[in-house]
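In what follows, a structure is listed as structure tokens, so that the remarks can point back to it.
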Amino acid sequence: MVAKLGRTALMFGAAAYLAAAMPAAGLPAVVQDERRGDWHGDGGWDRPRCDWREGRDRIRCERDQGRWEREREDRWRREADRKRRDDDRAKGVAAGVIGTALVGGLIVALASDSKKKKKARERERYCIERYGNYDERSDTYRDRDGRSYPCT
């Protein structure tokens with residue numbers, strides 16, 4: 001009973017802690033410093049804003065903004081290229097596995113077909129040598145009594 005009560009208290013304490021921590025996790029999305037930049041929902045601050053700066057600082061800030069934009073676009077492009085390459089690699093592996101299975105199945109089918117043909121030829125040869133009057137179409141031989149029997 002005491003252990004059950006302790007677990008229940010622990011569970012409610014953890015739930016209360018999580019409920020209290022949830023609003024604090026969303027705080028940066030609501031409160032933002034105009035001088036630092038704009039908050040992006042994808043997990044970080046964007047470039048600093050340059051409209052409050054003057055003179056050389058503003059020129060340098062705007063130049064850096066252009067560089068940051070290019071770097072971000074390059075990063076997105078590299079990520080898209082990496083995903084495309086990974087997808088192409090996965091498709092290539094799947095095609096290779098399927099192709100290998102098909103070719104392997106074809107080889108096995110041809111090999112087993114040739115084995116079956118070889119066994120049939122050997123059986124036919126055996127029946128001809130043993131009975132002499134073997135009929136290939138019906139797979140029978142005619143015995144002395146005039147009846148046809150299957151070759152065994």
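Ordering of the structure tokens sets the chain letters (A, B, ...); residue numbers start at 1 within each chain; ligands are numbered from 1 in the order shown.
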Would you pick out the contacts of segment 121-138 of chain A at 9 Å or less, using only C-alpha atoms, so that residues sharing its chain but fewer than 5 positions from it are not included, and give the list as a ChimeraX atom specification? /A:116,143,150-152
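Coordinates place atom CA of Arg49 of chain A at a distance of 8.6 Å from atom CA of Gln65 of chain A.
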